[in-house]
Amino acid sequence: MSELNLTTAPAHVRHGSNIGQPLTRRDGVLKVKGQATYAADNHPSGMLFAVIAASSIARGRVTSLDVAAAKRHPGVVEVMTSSNKPPLAIDPEIKTNPFVFRMECLQNDEVRYANQPIAVVIAQSLEAATEGAALLAPRYETLPARVGLDAGEAYVPPVVGVGSPTVNEHGDVEAGLASASQQIDATYETPPQYHNAMEPHAIVVAWDGDRLSIDMPTQGLILSRARIAELFGLPHENIHIRSPFLGGGFGSKGLMGGPPVLGIMAAKLVGKPVKLVLRREQMYGPVGHRAPTRQRLRLGADGEGHLTAIDHHARTVSSSYDDFYEPAAGASHTLYASPAIRTTHDAVRVDTGTPLFMRAPGEATGSIALESAIDEMAFACGMDPLAFRLKNYAEVEPITGKPFSSKALRACYEQGAARFGWSKRKLAPRDMRDEAGLLVGWGVGTATFPAMMFQAEARAAIRSDGSGVMEIGAHDMGQGAWTAFAQIAADGLGLDVDRVEFRSGHSGLPDAGIAGGSAHTATAGAAIHNAGAAVIAKLADLATRDQRSPLFGAGNTGVVARDGKLFRRDDESRGESYADILARAGLAEVEARGMGTPNPTAQADYAMHAHGAVFAEVKVDPELGQVRVTRMVGAFAAGRIVNPHLVKSQLFGGMIWGASFALHEEAITDRRTGRIMNANLGEYHIPVNADVPSLDVLTVEEHDPHVNALGIKGVGEIGITGSAGAVANAVWHATGVRVRRFPIRIEELLMEL
Amino acid sequence: MKQFDYVRPATIAEAVAAAAQPGSAYLAAGTNLLDLMKGGISRPDRLVDVTRLPGLDRVEYPADGGVRIGALVRNADLAHDADFARAYPAVAEALLSGASAQLRNAATVGGNLLQRTRCAYFYDTASRCNKREAGSGCDARGGENRLHAVLGRSEGCIATHPSDFCVPLVALDAIVEIEGKGGRRELPLEELHRLPGDAPERDSALSPGDLIVALRLPAAARGFAAHARYLKVRERTSYAFAVVSAAAALRLENGKIAEARLALGGVAAKPWRVRAAEQVLTGAAPTAAGFLESAQLALSGAKPSGENAFKIELARRIVVRGLTSAAAGTPERIPALPASPFASVSGALHV
Ligand SMILES: Cc1cc2nc3c(=O)[nH]c(=O)nc-3n(C[C@H](O)[C@H](O)[C@H](O)COP(=O)(O)OP(=O)(O)OC[C@H]3O[C@@H](n4cnc5c(N)ncnc54)[C@H](O)[C@@H]3O)c2cc1C
Ligand code: SF4
């Protein structure tokens with residue numbers, strides 16, 4: 001992205017390598033000045049505005065639309081409905097690969113959920129298009145909506161999450177429960193939640209013959225391009241997608257949904273560039289959400305507080321027309337040692353948009369239930385909840401018996417507890433008050449998230465002036481990819497970060513894989529690292545084979561790259577600059593590519609997870625039941641930390657989300673119509689600043705030689721896990737009331753206080 | 001959105017004449033009205049922008065010892081008027097507990113009084129709603145109604161009035177000055193908002209063209225300054241409407257309650273003043289037992305309208321707490337977390 005002048009960011013004092021330095025975000029100045037262009041900021045000339053008309057019923061058929069009224073409205077150019085939409089090259093119902101989800105793009109008049117697009121109005125102004133959409137006054141043939149976790153016959157889905165088995169079993173759970181001296185049998189519910197990225201889904205699209213130019217936030221440039229290519233029957237190289245910045249995605253911008261496809265269709269229909277932006281309420285339907293769950297946990301423990309069995313069953317929902325199952329019970333696979341573990345799932349079909357990955361899918365929902373149940377068991381055993389967790393510390397991955405590639409969780413517990421002051425906690429609930437008489441509660445939760453790797457490629461070059469180029473179509477969702485990847489690139493190229501031109505954020509660059517699964521830094525980082533190594537190897541080759549070079553004869557393995565020079569490993573007084581090597585060879589640049597891929601052997605041999613311990617303090621009004629989180633401390637071990645600044649922000653964000661999960665967030669669905677009644681940020685509550693006044697994050701050093709070459713585990717999602725449970729447990733500790741329905745609401749506490 | 005005319009009258013008389021025509025609506029800061037228009041809930045043909053009208057943006061202290069607040073005074077400006085906050089601390093606290101700093105900076109006094117309900121079914125144009133469309137039905141009944149009214153509701157509507165500001169105002173006998181087709185008149189604030197009865201579509205006693213020009217608090221309201229609080233329970237610490245709120249004000253003489261004022265918010269279609277609950281305190285010492293009795297009386301007619309029985313118990317407790325903290329005395333400064341149960345927590349920053 002040559003238009004992004006990121007290297008103007010303030011310089012930073014560095015010692016040694018770039019990786020590990022707390023650089024502030026290199027795109028920060030652009031963002032503060034409002035110069036970072038997000039998709040919807042692009043206005044190609046002649047652009048028209050497209051607005052979606054969304055269904056107000058959750059199930060049935062559109063029987064009429066007043067297209068004429070909409071078209072009569074001044075400024076309206078065209079109305080796209082199922083009868084005049086441009087054809088697609090393939091039926092969007094066909095799942096061509098496991099990452100393809102069915103979408104609504106006006107293929108027929110069927111309505112499968114509330115807020116489904118049923119028409120698109122294209123006009124000269126946003127206002128005209130909006131009014132045109134309102135004038136369509138749709139009529140429907142309505143069928144009864146299926147809503148909630150008991151909406152129909154439950155079934156066992158073939159897989160949950162991404163291809164994970166629905167049932168996992170290790171040891172004899174019933175025997176473990178039968179032998180237990182303490183048992184917990186508790187059911188927890190979590191609500192539907194929506195990603196609610198600050199930036200709404202948007203697309204600005206221009207056709208030029210059979211070429212497509214697109215501005216669109218995406219967490220998966222190449223995956224999105226492939227989907228667009230198959231839907232419109234275009235060669236991949238005819239499609240160019242720019243996505244330099246995302247205003248958050250959290251999983252909802254990973255895979256193509258219907259709305260951007262409708263934008264492309266609309267541009268085709270009118271033969272002009274089109275911009276289509278979802279309204280906030282339209283984000284509650286076609287772009288995914290976290291499905292609700294009902295989880296039953298049965299735990300057994302012996303007289304000493306050792307778990308004898310964990311039985312974790314999760315009920316969830318999927319849409320009527322596609323399959324995604326929140327793998328909630330999977331949270332019980334990795335955390336606590338138990339001779340017997342069983343995890344099972346079932347589901348019902350409801351009339352919603354298809355649920356999807358949402359920040360820590362499975363782990364977030366599963367963890368709040370598991371951490372609550374573990375807390376209940378600790379109390380039943382008369383033990384401090386942290387001591388109980390330590391007693392059941394898993395030395396190997398419980399469900400598989402595999403060793404961990406690394407696991408510094410014990411240090412997380414220790415350091416987090418010390419920072420928090422956990423040792424002063426009273427064992428009994430409702431036993432702590434502050435000076436104002438508010439109930440005080442302290443809770444702990446264990447955080448966990450798998451360390452995954454996908455596949456990515458990067459291209460590196462060294463130019464004749466000795467500077468470097470690194471290219472990879474990576475995604476900056478606000479997490480700081482522009483900065484962290486530049487740091488990895490700089491080390492890979494043996495250059496200062498300001499000597500590297502880091503190009504990213506569009507589909508013309510090598511495939512960075514997706515920004516998801518907390519694996520982007522590890523995956524794209526490995527590709528960048530390897531591309532750097534490959535180009536340095538070429539450079540070394542040039543030098544060591546050339547008699548005129550001071551490095552002649554050193555051999556590839558005999559040089560190191562640093563500060564724009566190669567040095568003999570055995571004699572660092574002999575070296576030569578990149579510029580000199582290229583000048584002598586008469587080359588404008590050398591380039592090479594590198595891949596980031598998982599190592600199947602290491603993956604087969606080791607269980608790979610990041611871990612953490614979160615401690616939360618809440619205060620509860622003893623008569624009124626209002627709850628506030630006053631303090632959270634999180635200690636995380638996530639392998640190598642590329643940029644402590646950015647990592648801290650990610651973990652802060654995750655921990656706040658955890659507090660939100662426990663206390664605030666919930667989409668309220670009308671039980672009769674299936675419509676979401678709080679589809680706006682005024683009423684869909686997430687925490688405001690006053691809700692989480694004090695946050696503290698520490699990262700525990702962890703060296704992991706197995707996860708990947710750089711030892712990176714990822715921090716994007718783990719912050720939610722553990723945190724939600726810690727807050728819920730703190731509410732119990734403050735009040736003595738165990739609320740098993742989330743978010744915890746005033747009425748559940750009030751009547752028990 | 002729908003196309004509409006926009007007029008910006010220069011005088012109050014012009015404004016009234018323009019707004020008296022069918023399909024007109026006054027536009028103040030628009031923080032409520034524009035949301036309603038974008039959602040298609042209000043579809044006026046003409047907006048009469050009152051924000052440039054002269055003389056309506058002042059807080060005046062007439063010789064009779066009361067205060068007269070122009071309808072265009074911003075919520076934040078009023079709350080931060082030091083003289084006002086000293087004389088009517090519960091009103092300032094209520095204002096600062098509402099919405100967000102940005103909204104308070106924009107929102108006007110008149111707009112706050114006349115903001116519409118937050119009933120989700122009122123906002124959802126696909127739902128039946130008697131308030132939005134007379135006679136269409138009420139989908140809040142039997143729906144997601146845990147935050148709906150427990151007092152003064154009718155078969156036709158169970159919505160609440162969401163304003164925080166209005167709650168202490170009604171407790172303190174505020175008067176609304178109205179300019180209408182027939183000239184200037186005034187109305188106790190308590191009579192401005194209507195209970196739904198069989199005409200939920202009518203929120204207020206105003207007729208088309210009626211413009212609120214000012215709000216007055218009588219001198220007597222200052223008598224409560226030393227013992228006046230607003231308390232608001234909400235589902236996050238800030239930037240949320242009240243689940244239930246209460247304004248409590250006491251005039252103490254020689255350790256006895258000479259006069260009490262009490263109003264509840266978030267329980268009915270209007271700010272809910274409860275005179276019987278005030279009177280039972282008159283002449284009594286400020287005791288927990290007395291406050292509880294007052295709370296029982298305040299909620300005596302309350303009935304759940306759905307899944308909101310908890311609001312009745314919550315309201316009782318809020319009344320007791322509100323009266324207790326009023327008796328304890330108005331704090332020197334408005335707490336950093338205004339009207340919050342966490343107001344007493346030290347070290348909090350202003351929100
Ligand atoms: C996200 C959000 C959160 C909020 N939270 C709270 C909260 O916690 N507590 C709270 O109390 N409020 C809250 N509010 C509401 C806010 O207080 C009101 O929106 C605001 O006070 C309205 O004032 P305005 O000047 O913007 O009125 P407008 O939106 O301009 O007008 C509102 C109504 O009043 C009419 N009107 C305005 N002025 C006059 C006049 N002088 N004479 C006659 N009619 C008039 C208009 O025609 C319109 O019908 C919130 C609002 C939002 C958007
Ligand atoms: S409660 Fe009142 S405002 Fe809400 S839907 Fe019913 S009639 Fe409309």
# chains A, B, ... in the order shown; residues from 1 in each chain; ligands from 1
>>> interface_residues(of="chain B", to="chain A", cutoff="6 Å", atoms="only C-alpha atoms", output="MDAnalysis selection string")
chainID B and resid 1:2 120 237 310
>>> residues_around(residues="Arg251 (chain B)", least_positions_apart="2", cutoff="7 Å", atoms="only C-alpha atoms", output="JSON, numbers by chain")
{"B": [223, 224, 227, 249, 253, 257, 258, 259, 260]}
>>> residues_around(residues="Arg359 (chain A)", least_positions_apart="3", cutoff="12 Å", atoms="only C-alpha atoms", output="ChimeraX atom specification")
/A:193-197,248-254,288-290,326,356,362-365,449,515-518,650,653-655,657-658,661,715-721
>>> select_by_dssp(residues="region 168-256 of chain B", states="alpha helix (DSSP H)", output="PyMOL selection string")
chain B and resi 168-171
>>> write_last_selection(atoms="N, CA, C and O atoms", output="mmCIF file, in the first residue's frame")
data_model
loop_
_atom_site.group_PDB
_atom_site.id
_atom_site.type_symbol
_atom_site.label_atom_id
_atom_site.label_comp_id
_atom_site.auth_asym_id
_atom_site.auth_seq_id
_atom_site.Cartn_x
_atom_site.Cartn_y
_atom_site.Cartn_z
ATOM 1 N N PRO B 168 -36.889 14.187 39.558
ATOM 2 C CA PRO B 168 -36.814 15.182 40.638
ATOM 3 C C PRO B 168 -37.648 16.427 40.338
ATOM 4 O O PRO B 168 -38.176 17.057 41.257
ATOM 5 N N LEU B 169 -37.780 16.770 39.052
ATOM 6 C CA LEU B 169 -38.574 17.965 38.721
ATOM 7 C C LEU B 169 -40.009 17.824 39.203
ATOM 8 O O LEU B 169 -40.576 18.748 39.778
ATOM 9 N N VAL B 170 -40.571 16.663 38.966
ATOM 10 C CA VAL B 170 -41.973 16.499 39.347
ATOM 11 C C VAL B 170 -42.099 16.448 40.872
ATOM 12 O O VAL B 170 -43.063 16.943 41.450
ATOM 13 N N ALA B 171 -41.062 15.927 41.512
ATOM 14 C CA ALA B 171 -41.086 15.907 42.977
ATOM 15 C C ALA B 171 -41.043 17.324 43.539
ATOM 16 O O ALA B 171 -41.573 17.590 44.607
#
>>> residues_around(residues="Val111 (chain A)", least_positions_apart="2", cutoff="10 Å", atoms="only C-alpha atoms", output="JSON, numbers by chain")
{"A": [54, 55, 56, 57, 58, 59, 60, 61, 62, 104, 106, 108, 109, 113, 114, 115, 116, 117, 118, 140, 141, 142, 143, 351]}
>>> closest_atom_pairs(of="chain B", to="ligand 2", cutoff="10 Å", atoms="only C-alpha atoms and all ligand atoms", output="CSV")
residue,atom,partner,partner_atom_place_in_ligand_line,distance
B:Arg116,CA,ligand 2,3 (S),9.0
B:Thr117,CA,ligand 2,3 (S),6.6
B:Arg118,CA,ligand 2,3 (S),7.8
B:Cys119,CA,ligand 2,4 (Fe),4.7
B:Ala120,CA,ligand 2,4 (Fe),6.7
B:Tyr121,CA,ligand 2,5 (S),4.4
B:Phe122,CA,ligand 2,3 (S),4.6
B:Tyr123,CA,ligand 2,3 (S),8.2
B:Asp124,CA,ligand 2,5 (S),8.7
B:Thr125,CA,ligand 2,5 (S),9.8
B:Ser127,CA,ligand 2,5 (S),7.2
B:Arg128,CA,ligand 2,5 (S),6.3
B:Cys129,CA,ligand 2,8 (Fe),3.6
B:Asn130,CA,ligand 2,7 (S),4.0
B:Lys131,CA,ligand 2,8 (Fe),4.7
B:Arg132,CA,ligand 2,8 (Fe),6.2
B:Glu133,CA,ligand 2,8 (Fe),8.2
B:Ala134,CA,ligand 2,7 (S),8.5
B:Gly135,CA,ligand 2,7 (S),8.9
B:Ser136,CA,ligand 2,7 (S),8.4
B:Gly137,CA,ligand 2,7 (S),6.5
B:Cys138,CA,ligand 2,6 (Fe),3.7
B:Asp139,CA,ligand 2,5 (S),5.0
B:Ala140,CA,ligand 2,5 (S),4.6
B:Arg141,CA,ligand 2,6 (Fe),6.5
B:Gly142,CA,ligand 2,6 (Fe),10.0
B:Gly143,CA,ligand 2,5 (S),9.2
B:Asn145,CA,ligand 2,1 (S),8.3
B:His148,CA,ligand 2,1 (S),7.2
B:Ala149,CA,ligand 2,1 (S),8.2
B:Arg153,CA,ligand 2,1 (S),8.7
B:Ser154,CA,ligand 2,2 (Fe),9.0
B:Glu155,CA,ligand 2,7 (S),8.8
B:Gly156,CA,ligand 2,7 (S),5.7
B:Cys157,CA,ligand 2,2 (Fe),3.7
B:Ile158,CA,ligand 2,1 (S),3.9
B:Ala159,CA,ligand 2,1 (S),4.0
B:Thr160,CA,ligand 2,1 (S),7.8
B:His161,CA,ligand 2,3 (S),9.7
B:Pro196,CA,ligand 2,2 (Fe),7.9
B:Ala199,CA,ligand 2,7 (S),9.4
B:Pro200,CA,ligand 2,7 (S),6.3
B:Glu201,CA,ligand 2,7 (S),7.8
B:Asp203,CA,ligand 2,3 (S),9.9
B:Ala269,CA,ligand 2,2 (Fe),8.8
B:Ser305,CA,ligand 2,1 (S),9.5
>>> residues_around(residues="Leu217 (chain B)", least_positions_apart="4", cutoff="7 Å", atoms="only C-alpha atoms", output="ChimeraX atom specification")
/B:66-68,173-175,221
>>> write_last_selection(atoms="N, CA and C atoms", output="CSV table (one decimal), in the first residue's frame")
chain,number,residue,atom,x,y,z
B,66,GLY,N,-37.2,31.6,42.9
B,66,GLY,CA,-37.3,30.3,42.1
B,66,GLY,C,-36.2,30.4,41.0
B,67,VAL,N,-36.5,29.5,40.0
B,67,VAL,CA,-35.6,29.5,38.8
B,67,VAL,C,-36.4,29.3,37.6
B,68,ARG,N,-36.0,30.0,36.5
B,68,ARG,CA,-36.8,29.8,35.2
B,68,ARG,C,-35.7,29.4,34.2
B,173,ASP,N,-42.3,20.1,42.2
B,173,ASP,CA,-43.4,20.9,41.7
B,173,ASP,C,-43.0,21.8,40.6
B,174,ALA,N,-42.3,21.3,39.6
B,174,ALA,CA,-41.9,22.1,38.5
B,174,ALA,C,-43.1,22.5,37.7
B,175,ILE,N,-43.0,23.7,37.1
B,175,ILE,CA,-44.1,24.2,36.2
B,175,ILE,C,-43.6,24.4,34.8
B,221,ALA,N,-38.8,24.9,46.4
B,221,ALA,CA,-38.0,23.8,46.1
B,221,ALA,C,-36.6,23.9,46.6
>>> residues_around(residues="Met198 (chain A)", least_positions_apart="5", cutoff="12 Å", atoms="only C-alpha atoms", output="PyMOL selection string")
chain A and resi 38+217+246-250+252+278-280+283+477-478+680-681+686
>>> write_last_selection(atoms="N, CA, C and O atoms", output="PDB file, in the first residue's frame")
ATOM      1  N   TYR A  38     -10.964   3.699   5.730  1.00  0.00           N
ATOM      2  CA  TYR A  38     -11.711   2.455   5.860  1.00  0.00           C
ATOM      3  C   TYR A  38     -12.545   2.297   4.589  1.00  0.00           C
ATOM      4  O   TYR A  38     -12.702   3.244   3.808  1.00  0.00           O
ATOM      5  N   PRO A 217     -13.862  -4.343   4.179  1.00  0.00           N
ATOM      6  CA  PRO A 217     -13.104  -4.915   5.284  1.00  0.00           C
ATOM      7  C   PRO A 217     -13.221  -6.438   5.271  1.00  0.00           C
ATOM      8  O   PRO A 217     -14.326  -6.976   5.155  1.00  0.00           O
ATOM      9  N   LEU A 246      -9.448  -2.589   9.279  1.00  0.00           N
ATOM     10  CA  LEU A 246     -10.790  -3.001   9.657  1.00  0.00           C
ATOM     11  C   LEU A 246     -11.107  -2.342  10.990  1.00  0.00           C
ATOM     12  O   LEU A 246     -10.249  -2.304  11.872  1.00  0.00           O
ATOM     13  N   GLY A 247     -12.319  -1.852  11.112  1.00  0.00           N
ATOM     14  CA  GLY A 247     -12.743  -1.332  12.413  1.00  0.00           C
ATOM     15  C   GLY A 247     -13.299  -2.459  13.247  1.00  0.00           C
ATOM     16  O   GLY A 247     -14.433  -2.437  13.686  1.00  0.00           O
ATOM     17  N   GLY A 248     -12.501  -3.478  13.433  1.00  0.00           N
ATOM     18  CA  GLY A 248     -12.931  -4.666  14.173  1.00  0.00           C
ATOM     19  C   GLY A 248     -13.627  -5.663  13.266  1.00  0.00           C
ATOM     20  O   GLY A 248     -14.212  -5.304  12.237  1.00  0.00           O
ATOM     21  N   GLY A 249     -13.524  -6.902  13.628  1.00  0.00           N
ATOM     22  CA  GLY A 249     -14.176  -7.956  12.856  1.00  0.00           C
ATOM     23  C   GLY A 249     -14.693  -9.040  13.785  1.00  0.00           C
ATOM     24  O   GLY A 249     -15.835  -9.440  13.715  1.00  0.00           O
ATOM     25  N   PHE A 250     -13.814  -9.514  14.648  1.00  0.00           N
ATOM     26  CA  PHE A 250     -14.157 -10.506  15.684  1.00  0.00           C
ATOM     27  C   PHE A 250     -14.730 -11.783  15.106  1.00  0.00           C
ATOM     28  O   PHE A 250     -15.433 -12.520  15.798  1.00  0.00           O
ATOM     29  N   SER A 252     -16.714 -11.801  12.328  1.00  0.00           N
ATOM     30  CA  SER A 252     -17.859 -11.539  11.449  1.00  0.00           C
ATOM     31  C   SER A 252     -17.436 -11.051  10.067  1.00  0.00           C
ATOM     32  O   SER A 252     -18.267 -10.903   9.187  1.00  0.00           O
ATOM     33  N   LEU A 278     -23.921  -1.625   5.832  1.00  0.00           N
ATOM     34  CA  LEU A 278     -25.010  -2.104   6.683  1.00  0.00           C
ATOM     35  C   LEU A 278     -25.327  -1.080   7.757  1.00  0.00           C
ATOM     36  O   LEU A 278     -24.432  -0.456   8.314  1.00  0.00           O
ATOM     37  N   ARG A 279     -26.606  -0.920   8.045  1.00  0.00           N
ATOM     38  CA  ARG A 279     -26.993  -0.166   9.224  1.00  0.00           C
ATOM     39  C   ARG A 279     -26.738  -1.055  10.426  1.00  0.00           C
ATOM     40  O   ARG A 279     -26.745  -2.271  10.318  1.00  0.00           O
ATOM     41  N   ARG A 280     -26.569  -0.421  11.586  1.00  0.00           N
ATOM     42  CA  ARG A 280     -26.241  -1.209  12.782  1.00  0.00           C
ATOM     43  C   ARG A 280     -27.235  -2.360  12.965  1.00  0.00           C
ATOM     44  O   ARG A 280     -26.843  -3.500  13.182  1.00  0.00           O
ATOM     45  N   MET A 283     -26.793  -5.539  11.072  1.00  0.00           N
ATOM     46  CA  MET A 283     -25.694  -6.437  11.424  1.00  0.00           C
ATOM     47  C   MET A 283     -26.178  -7.573  12.337  1.00  0.00           C
ATOM     48  O   MET A 283     -25.406  -8.440  12.706  1.00  0.00           O
ATOM     49  N   MET A 477      -6.971  -5.558  11.912  1.00  0.00           N
ATOM     50  CA  MET A 477      -8.339  -5.337  12.413  1.00  0.00           C
ATOM     51  C   MET A 477      -8.329  -4.351  13.563  1.00  0.00           C
ATOM     52  O   MET A 477      -9.317  -4.229  14.282  1.00  0.00           O
ATOM     53  N   GLY A 478      -7.189  -3.704  13.755  1.00  0.00           N
ATOM     54  CA  GLY A 478      -7.039  -2.853  14.931  1.00  0.00           C
ATOM     55  C   GLY A 478      -6.088  -3.494  15.930  1.00  0.00           C
ATOM     56  O   GLY A 478      -5.663  -2.876  16.886  1.00  0.00           O
ATOM     57  N   ASN A 680     -29.229  -2.363  18.601  1.00  0.00           N
ATOM     58  CA  ASN A 680     -28.542  -1.076  18.526  1.00  0.00           C
ATOM     59  C   ASN A 680     -27.617  -0.964  19.729  1.00  0.00           C
ATOM     60  O   ASN A 680     -27.799  -1.654  20.727  1.00  0.00           O
ATOM     61  N   LEU A 681     -26.623  -0.089  19.629  1.00  0.00           N
ATOM     62  CA  LEU A 681     -25.626  -0.031  20.701  1.00  0.00           C
ATOM     63  C   LEU A 681     -26.101   0.766  21.912  1.00  0.00           C
ATOM     64  O   LEU A 681     -25.411   0.827  22.915  1.00  0.00           O
ATOM     65  N   ILE A 686     -22.728  -3.147  25.995  1.00  0.00           N
ATOM     66  CA  ILE A 686     -21.354  -3.587  26.211  1.00  0.00           C
ATOM     67  C   ILE A 686     -20.775  -2.627  27.246  1.00  0.00           C
ATOM     68  O   ILE A 686     -21.347  -1.564  27.476  1.00  0.00           O
TER      69      ILE A 686
END
>>> residues_around(residues="region 201-211 of chain A", least_positions_apart="3", cutoff="7 Å", atoms="only C-alpha atoms", output="PyMOL selection string")
chain A and resi 39-40+42+214-217+238-239+260+263-264+267-268+272-278
>>> atom_distance(atom1="CA of Leu582 (chain A)", atom2="CA of Arg463 (chain A)")
7.7 Å
>>> residues_near_ligand(ligand="ligand 1", cutoff="6 Å", atoms="only C-alpha atoms and all ligand atoms", output="PyMOL selection string")
(chain A and resi 682) or (chain B and resi 25-33+71+98-99+107-108+110-112+114-115+162-165+211-213+239-241)
>>> select_by_dssp(residues="region 311-389 of chain A", states="strand (DSSP E)", output="list in words")
Asp311, His312, His313, Ala314, Arg315, Thr316, Val317, Ser318, Ser319, Ile341, Arg342, Thr343, Thr344, His345, Asp346, Ala347, Val348, Arg349 and Val350 of chain A
>>> closest_residue(among="A:Trp732, A:Tyr155, A:Tyr578, A:Phe567", to="Asp465 (chain A)", atoms="only C-alpha atoms")
A:Tyr578
